[in-house]
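Engineer: The structure that follows is given in the form of structure tokens.
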Amino acid sequence: MKLAIPREIQEQARRDGKVVRWILDTRMTEAHSNDWDKVEGVEPVQANPMSGTDERLVLCSKYADWHEADQRSDEQVVDEREKQLMRGQVSDGSRSSSGVHVPQGQTNRVTTQRGL
């Protein structure tokens with residue numbers, strides 16, 4: 001279940017052309033470098049009370065068009081990796097490239113359908 005975002009914050013973000021997300025406080029440096037800013041007036045909340053850690057979630061916002069551009073860029077990376085997998089290749093820069101081998105005469109099949 002998603003952590004609720006106050007309705008007035010959602011409406012203000014929509015008027016400002018922004019999207020809002022909860023981000024772990026330990027990832028705020030990375031988030032800030034990716035154009036996410038803390039939403040003022042909303043206190044951080046404990047991420048997982050049952051875990052025994054003090055991780056907090058911080059409500060952040062980012063302009064929607066910037067977020068969409070970042071999403072498109074991320075999708076291009078995934079699409080290129082899928083094309084490489086279909087050819088039986090994975091670029092050396094991939095975290096999963098070590099030990100990848102496609103036997104002679106066989107191909108990979110990449111699908112977005114579950115269970116195939």
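Note on naming: chains are A, B, ... as they come in the structure tokens, residues start from 1 per chain, ligands start from 1 in the order shown.
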Pick out the residues sitting within 10 Å of stretch 4-7 of chain A, and hand them over as a ChimeraX atom specification; count only C-alpha atoms, and ignore anything fewer than 6 positions along from it in its own chain.
Structural biologist: /A:13,20-22,42,59
Engineer: Once you have the residues from the selection above, write them out as a PDB file, in the first residue's frame, restricted to N, CA and C atoms.
Structural biologist:
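For reference, again.pdb as written:
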```
ATOM      1  N   ALA A  13       0.940  20.703  -6.257  1.00  0.00           N
ATOM      2  CA  ALA A  13       1.937  20.183  -7.199  1.00  0.00           C
ATOM      3  C   ALA A  13       1.368  20.132  -8.610  1.00  0.00           C
ATOM      4  N   VAL A  20       5.066  14.426  -7.274  1.00  0.00           N
ATOM      5  CA  VAL A  20       5.593  14.252  -5.920  1.00  0.00           C
ATOM      6  C   VAL A  20       5.824  12.769  -5.652  1.00  0.00           C
ATOM      7  N   ARG A  21       6.893  12.486  -4.899  1.00  0.00           N
ATOM      8  CA  ARG A  21       7.243  11.116  -4.540  1.00  0.00           C
ATOM      9  C   ARG A  21       7.863  11.117  -3.154  1.00  0.00           C
ATOM     10  N   TRP A  22       7.684  10.010  -2.445  1.00  0.00           N
ATOM     11  CA  TRP A  22       8.387   9.790  -1.180  1.00  0.00           C
ATOM     12  C   TRP A  22       9.743   9.188  -1.521  1.00  0.00           C
ATOM     13  N   VAL A  42       6.082  19.476   5.039  1.00  0.00           N
ATOM     14  CA  VAL A  42       5.709  18.071   5.246  1.00  0.00           C
ATOM     15  C   VAL A  42       6.862  17.399   5.973  1.00  0.00           C
ATOM     16  N   LEU A  59       9.098  13.704   1.517  1.00  0.00           N
ATOM     17  CA  LEU A  59       8.266  14.016   0.364  1.00  0.00           C
ATOM     18  C   LEU A  59       8.998  15.027  -0.505  1.00  0.00           C
TER      19      LEU A  59
END
```
Engineer: Work out how far atom CA of A:His67 is from atom CA of A:Thr26, in Å to one decimal.
Structural biologist: 20.4 Å
Engineer: Interatomic distance between atom CA of A:Gln71 and atom CA of A:Met86?
Structural biologist: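 Atom CA of A:Met86 lies at a distance of 22.5 Å from atom CA of A:Gln71.
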Engineer: Quick one: residues within 9 Å of A:Asp37, only C-alpha atoms counted, chain neighbours fewer than 2 positions away excluded, as a short mmCIF file (atom, residue, chain, number, x, y, z; two decimals) with N, CA, C and O atoms, in the first residue's frame?
Structural biologist:
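Now in result.cif:
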```
data_model
loop_
_atom_site.label_atom_id
_atom_site.label_comp_id
_atom_site.auth_asym_id
_atom_site.auth_seq_id
_atom_site.Cartn_x
_atom_site.Cartn_y
_atom_site.Cartn_z
N MET A 28 18.70 11.16 -0.49
CA MET A 28 18.40 12.56 -0.79
C MET A 28 19.50 13.26 -1.59
O MET A 28 19.20 14.10 -2.43
N ALA A 31 18.93 12.14 -5.05
CA ALA A 31 17.66 12.70 -5.52
C ALA A 31 17.81 14.18 -5.84
O ALA A 31 17.30 14.65 -6.87
N HIS A 32 18.49 14.90 -4.97
CA HIS A 32 18.67 16.34 -5.20
C HIS A 32 19.48 16.58 -6.48
O HIS A 32 19.18 17.49 -7.25
N ASP A 35 17.32 16.60 -9.53
CA ASP A 35 16.31 17.67 -9.57
C ASP A 35 15.10 17.47 -8.66
O ASP A 35 14.09 18.15 -8.83
N VAL A 39 9.63 18.86 -0.31
CA VAL A 39 8.41 19.65 -0.20
C VAL A 39 8.38 20.27 1.20
O VAL A 39 8.41 19.54 2.20
N GLU A 40 8.35 21.58 1.25
CA GLU A 40 8.35 22.27 2.54
C GLU A 40 7.00 22.08 3.24
O GLU A 40 5.96 21.99 2.61
N LEU A 59 9.10 13.70 1.52
CA LEU A 59 8.27 14.02 0.36
C LEU A 59 9.00 15.03 -0.51
O LEU A 59 9.42 16.09 -0.03
N CYS A 60 9.17 14.68 -1.79
CA CYS A 60 9.91 15.52 -2.73
C CYS A 60 9.08 15.78 -3.97
O CYS A 60 8.16 15.03 -4.29
N SER A 61 9.44 16.86 -4.67
CA SER A 61 8.74 17.19 -5.92
C SER A 61 9.75 17.49 -7.01
O SER A 61 10.90 17.84 -6.75
N LYS A 62 9.26 17.36 -8.24
CA LYS A 62 10.08 17.60 -9.43
C LYS A 62 9.14 18.03 -10.54
O LYS A 62 8.00 17.54 -10.62
#
```
Engineer: With only C-alpha atoms as the atoms that count, which of A:Glu82, A:Glu11, A:Ile23, A:Tyr63 lies nearest to A:Pro44?
Structural biologist: A:Ile23
Engineer: Excluding same-chain residues fewer than 3 positions from stretch 52-55 of chain A, what lies within 7 Å of it counting only C-alpha atoms, as a short mmCIF file (atom, residue, chain, number, x, y, z; two decimals) with all heavy atoms, in the first residue's frame?
Structural biologist:
```cif
data_model
loop_
_atom_site.label_atom_id
_atom_site.label_comp_id
_atom_site.auth_asym_id
_atom_site.auth_seq_id
_atom_site.Cartn_x
_atom_site.Cartn_y
_atom_site.Cartn_z
N LEU A 24 13.60 7.92 0.23
CA LEU A 24 14.34 7.62 1.45
C LEU A 24 15.35 8.73 1.75
O LEU A 24 16.02 9.22 0.84
CB LEU A 24 15.10 6.30 1.32
CG LEU A 24 14.30 5.03 1.54
CD1 LEU A 24 15.15 3.81 1.20
CD2 LEU A 24 13.80 4.93 2.97
N ASP A 25 15.46 9.08 3.02
CA ASP A 25 16.38 10.15 3.40
C ASP A 25 17.83 9.80 3.05
O ASP A 25 18.64 10.68 2.77
CB ASP A 25 16.25 10.50 4.88
CG ASP A 25 16.51 9.34 5.82
OD1 ASP A 25 16.72 8.20 5.34
OD2 ASP A 25 16.49 9.57 7.04
N GLN A 46 8.64 7.83 9.28
CA GLN A 46 9.46 6.63 9.39
C GLN A 46 9.13 5.67 8.25
O GLN A 46 7.96 5.40 7.97
CB GLN A 46 9.25 5.95 10.74
CG GLN A 46 10.26 4.87 11.01
CD GLN A 46 10.23 4.41 12.46
OE1 GLN A 46 9.33 4.75 13.20
NE2 GLN A 46 11.22 3.62 12.83
N ALA A 47 10.17 5.17 7.60
CA ALA A 47 9.98 4.33 6.41
C ALA A 47 9.34 2.99 6.74
O ALA A 47 8.38 2.58 6.09
CB ALA A 47 11.30 4.13 5.69
N PRO A 49 8.41 1.13 10.32
CA PRO A 49 8.47 1.06 11.78
C PRO A 49 8.83 -0.34 12.31
O PRO A 49 9.42 -0.46 13.36
CB PRO A 49 7.06 1.44 12.22
CG PRO A 49 6.46 2.15 11.07
CD PRO A 49 7.12 1.60 9.85
#
```
Engineer: What is the distance between atom CA of A:Glu80 and atom CA of A:Trp66, in Å to one decimal?
Structural biologist: 21.5 Å
Engineer: Restricting the calculation to only C-alpha atoms, which member of A:Arg15, A:Asp79, A:Ser73, A:Leu57 is positioned closest to A:Lys38?
Structural biologist: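 Going through A:Arg15, A:Asp79, A:Ser73, A:Leu57 one by one, the smallest distance to A:Lys38 is for A:Leu57.
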